[in-house]
Amino acid sequence: MDCGTSSLKDNRSEKAMKATLVIQNWYRHYRAQLRARQHGALAIFQSIEYADEQSQMQLSNFFSFMLENYTKSHKEDSAIVTRIFENTLWDSKDRQEYMGLIDVPDSYDGPRLQFPLTFTDIDLLLEAFKQHQILHAHYVLEVLFEARKVLKQMPNFTQIKTLPSKEITICGDLHGKLDDLLLIFYKNGLPSENNPYIFNGDFVDRGNNSIEILMILLVSFLVYPTDLHLNRGNHEDFMMNLRYGFTREILQKYKLHGKEILQTLEEVYTWLPIGAIINNEILVIHGGISESTDLNALHQIQRNKLKSVLMPPVSLSTDHTSDFKKTKAGATTTMPGKGESEKAPSEQLTKREWEQIVDLLWSDPRGRKGCYPNTSRGGGCYFGPDVTSKVLNKNQLKMLIRSHECKPEGYEICHDGKVITVFSASNYYEEGSNRGAYIRLSYGTTPQFFQYQMTSTTCMGPLHQRVTAMEFSAIKVLKERMLSRKSDLVHAFQLHDHSRSGKISLAQWAFSLENILGLNLPWRSLSSHLVYMDQDGNIDYMSSFQDVHIEKPVKEAKSALIETLYRYRSDLKIIFNIIDSDHSGLISMEEFRAMWKLFNAHYSVHIDDSQIDELANTMDFNKDGSIDFNEFLKAFYVVHKYEKADKSDINVAD
């Protein structure tokens, strides 16, 4: 009897064990599928982000084009060029020019900083920003001027020493995500002499609290200038800020003194160090390196000459330079900060110096050997493990720590452990899209990684719900990107459709998308969410655009014109915001036409001037004949017919 009972128990235990293993295997497979779907959606977001950055880099060629063709422009066009560079190249502003004009009223109930700053001011700022208070423009400018004064004394590369008993924390991109910075300080402690930090660029843009992050970091830097270190990123650039939101944030929060803050901030950017070296062993830079990276030359570069990576050095003749900038009264002056026109070249970096810094701020590591153009971003390069070894060995370094790329886990190790990427903005693309991370290391020890993820109601939901929501957003932005190139895509599809049946093969459809959009994505696996396929596996290519369309602000406007304006709306908005020197949001019809002529000449978008005039004549004008160009561009938005569809249907990895 006992033997039989024992045997029965053994059989039940064995069945229970097998059932447990089946469940575990199923769950592991299920989790792996979800992670694959998450990474697939992340790849869509990242590809589109890099394509946008490529457009931003290409915009620099537009400004170079205007400079180089300055004297060839028509009279009205040259006025636009003057307006643009009158506002993008500036004199160093004196503290008294601003501070004497900006008083803090008694009614102001936000944080009041006391100079010289102390730890108390850091704590004061943190508590105020947690309560969503806005720091007064007077204090913002004071902090910027003080930071500029101290940053001017710093070398291009900060030399940092650690001890086995004294660690340093390295943080990557924050991109205006204040909650992530507050969480880092909560978990890791506030900056102090015993708790040093390196913040490795991209403090601003994208998120809604860039000015708060910048103020916390700069105040902390002023309190602990030898223990808190700030590196310049590719978004510490006023041209990037125009596209990615920081300029708009400043002008919304500081309506009276936003322009003064932006002008001062532009110069603060130029004085930020371009890197740090820890214990003569670890190089910390924002982006990466190239095979031509020369640290000795980079130590000597006058970094403050780099006003914007997006405005490369150009050759200006004496005639160009002498009448380059005009005052509002119409008087001609020399370029900002210059005496005689022949001194102009000394105010720019050489092309080689400019390229050296672009590589540091924009490059990305890849597994393939060699150094080749960063075709995704349009700036910097891709560098392989051989390039890493070469540059590190040449400079007697052991490791490169960089940021610049969103990683699902917040960090990534590559190139045989010699390159570490750290990214500190969690939920970067969408809630649940990625973790944030920071690194702690000390002399003679291996780096320690700390991960986190800010949570909200949606982030706390089941993983499959978070992944599905993320996929839905990814498909949505991908559809919008396809729609912005509708004419080009239809033409590419029709080249394969010899019988004019409206159908092509899946391979032809995928090839066309890859060729036109330039996005390195798994189009075949994405096809079920983007297009209709018949039983024979042929693609109804016009169904790519069936559930989305651009809302026309003017019914009579031709579709090709609407599509072009939608496609280039970000670039046009940047140009407009530069021209709009008083930040009124208004532009005259003459400026609108002249701006478009310059834009059309460089981009060769094949839109006839008569179409622009026709569109202009149908727009609503203010009494003074001006138009609100920002509102005009907002009218070009994409309508999604599947907006209220069941999001659970989307599964990118299937």
# chains A, B, ... in the order shown; residues from 1 in each chain; ligands from 1
>>> residues_around(residues="Gly176 of chain A", least_positions_apart="4", cutoff="12 Å", atoms="only C-alpha atoms", output="PyMOL selection string")
chain A and resi 180-182+201-217+235-236+241+244-246+249+424-426+428
>>> write_last_selection(atoms="N, CA and C atoms", output="tab-separated table (two decimals), in the first residue's frame")
chain	number	residue	atom	x	y	z
A	180	ASP	N	13.24	61.95	-14.98
A	180	ASP	CA	14.39	61.04	-14.99
A	180	ASP	C	15.55	61.61	-14.18
A	181	LEU	N	15.80	62.91	-14.33
A	181	LEU	CA	16.89	63.52	-13.56
A	181	LEU	C	16.59	63.47	-12.07
A	182	LEU	N	15.35	63.77	-11.70
A	182	LEU	CA	14.98	63.71	-10.28
A	182	LEU	C	15.12	62.30	-9.73
A	201	GLY	N	25.91	65.43	-22.38
A	201	GLY	CA	25.27	66.10	-23.49
A	201	GLY	C	23.80	65.76	-23.70
A	202	ASP	N	23.18	66.52	-24.60
A	202	ASP	CA	21.75	66.40	-24.92
A	202	ASP	C	20.88	66.53	-23.68
A	203	PHE	N	21.05	67.64	-22.99
A	203	PHE	CA	20.22	67.94	-21.82
A	203	PHE	C	18.83	68.41	-22.27
A	204	VAL	N	18.75	68.96	-23.47
A	204	VAL	CA	17.55	69.70	-23.90
A	204	VAL	C	16.92	69.06	-25.13
A	205	ASP	N	15.78	69.67	-25.53
A	205	ASP	CA	14.98	69.26	-26.71
A	205	ASP	C	14.12	68.04	-26.41
A	206	ARG	N	13.05	67.92	-27.18
A	206	ARG	CA	12.09	66.81	-27.17
A	206	ARG	C	11.20	66.81	-25.93
A	207	GLY	N	11.77	66.75	-24.73
A	207	GLY	CA	10.98	66.76	-23.52
A	207	GLY	C	10.44	68.15	-23.21
A	208	ASN	N	9.56	68.23	-22.22
A	208	ASN	CA	8.89	69.50	-21.91
A	208	ASN	C	9.59	70.34	-20.85
A	209	ASN	N	10.66	69.81	-20.25
A	209	ASN	CA	11.29	70.51	-19.13
A	209	ASN	C	12.79	70.71	-19.36
A	210	SER	N	13.13	71.13	-20.56
A	210	SER	CA	14.54	71.33	-20.89
A	210	SER	C	15.16	72.47	-20.10
A	211	ILE	N	14.43	73.57	-19.93
A	211	ILE	CA	15.01	74.71	-19.22
A	211	ILE	C	15.21	74.36	-17.75
A	212	GLU	N	14.32	73.57	-17.18
A	212	GLU	CA	14.47	73.16	-15.78
A	212	GLU	C	15.71	72.29	-15.61
A	213	ILE	N	15.90	71.33	-16.52
A	213	ILE	CA	17.09	70.47	-16.45
A	213	ILE	C	18.34	71.32	-16.61
A	214	LEU	N	18.33	72.22	-17.57
A	214	LEU	CA	19.51	73.05	-17.81
A	214	LEU	C	19.85	73.91	-16.60
A	215	MET	N	18.84	74.47	-15.96
A	215	MET	CA	19.09	75.30	-14.79
A	215	MET	C	19.63	74.47	-13.62
A	216	ILE	N	19.07	73.28	-13.40
A	216	ILE	CA	19.57	72.41	-12.31
A	216	ILE	C	21.03	72.06	-12.56
A	217	LEU	N	21.35	71.69	-13.79
A	217	LEU	CA	22.72	71.28	-14.10
A	217	LEU	C	23.69	72.46	-14.00
A	235	HIS	N	22.63	68.27	-29.42
A	235	HIS	CA	21.44	69.11	-29.24
A	235	HIS	C	21.74	70.39	-28.46
A	236	GLU	N	22.97	70.55	-27.97
A	236	GLU	CA	23.36	71.85	-27.41
A	236	GLU	C	23.77	72.72	-28.60
A	241	ASN	N	17.72	73.20	-31.63
A	241	ASN	CA	16.65	73.62	-30.74
A	241	ASN	C	15.45	74.18	-31.50
A	244	TYR	N	13.61	70.86	-32.62
A	244	TYR	CA	13.23	69.82	-31.66
A	244	TYR	C	12.61	70.34	-30.36
A	245	GLY	N	12.27	71.62	-30.31
A	245	GLY	CA	11.36	72.06	-29.26
A	245	GLY	C	11.88	72.99	-28.18
A	246	PHE	N	13.19	73.06	-27.96
A	246	PHE	CA	13.66	73.87	-26.84
A	246	PHE	C	13.42	75.35	-27.08
A	249	GLU	N	9.89	75.99	-26.28
A	249	GLU	CA	9.67	75.94	-24.83
A	249	GLU	C	10.08	77.25	-24.17
A	424	SER	N	20.09	58.09	-20.66
A	424	SER	CA	19.42	58.27	-19.36
A	424	SER	C	17.97	58.73	-19.45
A	425	ALA	N	17.44	58.92	-20.65
A	425	ALA	CA	16.03	59.31	-20.80
A	425	ALA	C	15.19	58.05	-21.00
A	426	SER	N	14.43	57.66	-19.98
A	426	SER	CA	13.56	56.49	-20.14
A	426	SER	C	12.29	56.88	-20.88
A	428	TYR	N	11.71	57.10	-23.96
A	428	TYR	CA	12.15	58.17	-24.86
A	428	TYR	C	11.19	58.41	-26.02
>>> residues_around(residues="segment 517-534 of chain A", least_positions_apart="2", cutoff="10 Å", atoms="only C-alpha atoms", output="MDAnalysis selection string")
chainID A and resid 40 43:44 46:48 50:51 375:376 472 475:476 478:479 481:482 484:485 488:489 503:507 509:515 536:547 649:654
>>> write_last_selection(atoms="C-alpha atoms", output="PDB file, in the first residue's frame")
ATOM      1  CA  GLY A  40      10.810  46.226 -33.770  1.00  0.00           C
ATOM      2  CA  ALA A  43      13.606  50.387 -34.659  1.00  0.00           C
ATOM      3  CA  ILE A  44      10.813  52.282 -36.459  1.00  0.00           C
ATOM      4  CA  GLN A  46      14.811  55.300 -34.258  1.00  0.00           C
ATOM      5  CA  SER A  47      14.937  55.114 -38.062  1.00  0.00           C
ATOM      6  CA  ILE A  48      12.531  58.028 -38.382  1.00  0.00           C
ATOM      7  CA  TYR A  50      17.667  59.608 -37.584  1.00  0.00           C
ATOM      8  CA  ALA A  51      16.022  60.479 -40.896  1.00  0.00           C
ATOM      9  CA  THR A 375      23.902  57.696 -43.669  1.00  0.00           C
ATOM     10  CA  SER A 376      21.109  57.389 -41.084  1.00  0.00           C
ATOM     11  CA  PHE A 472       0.434  51.494 -32.680  1.00  0.00           C
ATOM     12  CA  ILE A 475       2.961  52.398 -37.247  1.00  0.00           C
ATOM     13  CA  LYS A 476       1.221  55.753 -37.093  1.00  0.00           C
ATOM     14  CA  LEU A 478       5.592  55.409 -40.254  1.00  0.00           C
ATOM     15  CA  LYS A 479       2.334  55.930 -42.161  1.00  0.00           C
ATOM     16  CA  ARG A 481       6.378  59.354 -43.301  1.00  0.00           C
ATOM     17  CA  MET A 482       5.082  57.303 -46.242  1.00  0.00           C
ATOM     18  CA  SER A 484       4.933  62.691 -47.020  1.00  0.00           C
ATOM     19  CA  ARG A 485       6.554  60.939 -50.005  1.00  0.00           C
ATOM     20  CA  ASP A 488       7.596  59.663 -55.207  1.00  0.00           C
ATOM     21  CA  LEU A 489       6.388  56.309 -53.891  1.00  0.00           C
ATOM     22  CA  LYS A 503      -0.405  45.558 -58.036  1.00  0.00           C
ATOM     23  CA  ILE A 504       3.259  44.661 -57.635  1.00  0.00           C
ATOM     24  CA  SER A 505       5.172  41.963 -55.808  1.00  0.00           C
ATOM     25  CA  LEU A 506       6.044  42.225 -52.139  1.00  0.00           C
ATOM     26  CA  ALA A 507       9.747  42.436 -53.022  1.00  0.00           C
ATOM     27  CA  TRP A 509       6.983  47.155 -52.891  1.00  0.00           C
ATOM     28  CA  ALA A 510       9.620  46.726 -50.168  1.00  0.00           C
ATOM     29  CA  PHE A 511      12.423  47.799 -52.538  1.00  0.00           C
ATOM     30  CA  SER A 512      10.539  50.967 -53.504  1.00  0.00           C
ATOM     31  CA  LEU A 513       9.932  51.937 -49.874  1.00  0.00           C
ATOM     32  CA  GLU A 514      13.549  51.324 -48.930  1.00  0.00           C
ATOM     33  CA  ASN A 515      14.795  53.298 -51.910  1.00  0.00           C
ATOM     34  CA  ASP A 536      -1.355  35.427 -54.737  1.00  0.00           C
ATOM     35  CA  GLY A 537       0.892  37.564 -52.541  1.00  0.00           C
ATOM     36  CA  ASN A 538       0.691  40.672 -54.728  1.00  0.00           C
ATOM     37  CA  ILE A 539       0.522  44.142 -53.157  1.00  0.00           C
ATOM     38  CA  ASP A 540      -2.229  46.652 -53.877  1.00  0.00           C
ATOM     39  CA  TYR A 541       0.244  49.518 -53.642  1.00  0.00           C
ATOM     40  CA  MET A 542      -2.265  52.379 -53.501  1.00  0.00           C
ATOM     41  CA  SER A 543      -3.672  50.865 -50.308  1.00  0.00           C
ATOM     42  CA  SER A 544      -0.463  52.117 -48.669  1.00  0.00           C
ATOM     43  CA  PHE A 545      -2.217  55.492 -48.428  1.00  0.00           C
ATOM     44  CA  GLN A 546      -5.834  54.370 -48.120  1.00  0.00           C
ATOM     45  CA  ASP A 547      -6.358  55.046 -44.417  1.00  0.00           C
ATOM     46  CA  ASP A 649      -4.593  44.126 -33.990  1.00  0.00           C
ATOM     47  CA  ILE A 650      -1.109  45.556 -34.434  1.00  0.00           C
ATOM     48  CA  ASN A 651       1.764  43.133 -34.048  1.00  0.00           C
ATOM     49  CA  VAL A 652       4.940  44.314 -35.758  1.00  0.00           C
ATOM     50  CA  ALA A 653       6.937  41.151 -35.174  1.00  0.00           C
ATOM     51  CA  ASP A 654       4.375  38.684 -36.532  1.00  0.00           C
TER      52      ASP A 654
END
>>> select_by_dssp(residues="segment 132-378 of chain A", states="strand (DSSP E or B)", output="PDB file with C-alpha atoms, in the first residue's frame")
ATOM      1  CA  PHE A 157      38.560  68.110 -22.408  1.00  0.00           C
ATOM      2  CA  THR A 158      38.038  68.026 -18.659  1.00  0.00           C
ATOM      3  CA  GLN A 159      40.642  65.927 -16.851  1.00  0.00           C
ATOM      4  CA  ILE A 160      39.030  63.942 -14.025  1.00  0.00           C
ATOM      5  CA  LEU A 163      39.903  57.037  -6.344  1.00  0.00           C
ATOM      6  CA  LYS A 166      35.438  57.900  -4.704  1.00  0.00           C
ATOM      7  CA  ILE A 168      31.936  59.130 -10.432  1.00  0.00           C
ATOM      8  CA  THR A 169      28.495  58.848 -12.063  1.00  0.00           C
ATOM      9  CA  ILE A 170      28.075  59.226 -15.821  1.00  0.00           C
ATOM     10  CA  CYS A 171      24.647  60.108 -17.248  1.00  0.00           C
ATOM     11  CA  ASP A 173      20.934  61.996 -22.813  1.00  0.00           C
ATOM     12  CA  SER A 192      28.589  67.105  -4.205  1.00  0.00           C
ATOM     13  CA  ASN A 195      29.438  62.473  -5.346  1.00  0.00           C
ATOM     14  CA  TYR A 197      28.823  63.538 -11.979  1.00  0.00           C
ATOM     15  CA  ILE A 198      29.403  63.770 -15.718  1.00  0.00           C
ATOM     16  CA  PHE A 199      26.377  64.700 -17.823  1.00  0.00           C
ATOM     17  CA  LEU A 228      29.973  68.289 -11.820  1.00  0.00           C
ATOM     18  CA  HIS A 229      31.034  68.121 -15.456  1.00  0.00           C
ATOM     19  CA  LEU A 230      28.999  69.020 -18.532  1.00  0.00           C
ATOM     20  CA  GLY A 275      34.664  65.772 -23.717  1.00  0.00           C
ATOM     21  CA  ALA A 276      36.188  64.443 -20.508  1.00  0.00           C
ATOM     22  CA  ILE A 277      39.047  62.039 -19.777  1.00  0.00           C
ATOM     23  CA  ILE A 278      38.859  59.961 -16.585  1.00  0.00           C
ATOM     24  CA  ILE A 282      38.510  56.584 -20.269  1.00  0.00           C
ATOM     25  CA  LEU A 283      37.353  59.027 -22.951  1.00  0.00           C
ATOM     26  CA  VAL A 284      33.834  60.399 -22.408  1.00  0.00           C
ATOM     27  CA  LYS A 325      24.558  92.309 -41.600  1.00  0.00           C
ATOM     28  CA  LYS A 326      22.196  95.261 -41.631  1.00  0.00           C
ATOM     29  CA  THR A 332      25.356  98.409 -42.996  1.00  0.00           C
ATOM     30  CA  THR A 333      27.723  96.909 -40.434  1.00  0.00           C
ATOM     31  CA  ASP A 364      27.818  56.025 -33.830  1.00  0.00           C
ATOM     32  CA  PRO A 365      29.626  52.691 -33.303  1.00  0.00           C
ATOM     33  CA  CYS A 371      34.838  54.131 -40.888  1.00  0.00           C
ATOM     34  CA  TYR A 372      32.056  55.081 -43.271  1.00  0.00           C
ATOM     35  CA  PRO A 373      29.432  57.855 -43.587  1.00  0.00           C
TER      36      PRO A 373
END
>>> residues_around(residues="Pro164 of chain A", least_positions_apart="3", cutoff="7 Å", atoms="only C-alpha atoms", output="list of chain:residue names")
A:Ser442, A:Tyr443, A:Gly444
>>> closest_residue(among="A:Leu178, A:Val268, A:Val150, A:Val358", to="His132 of chain A", atoms="only C-alpha atoms")
A:Leu178
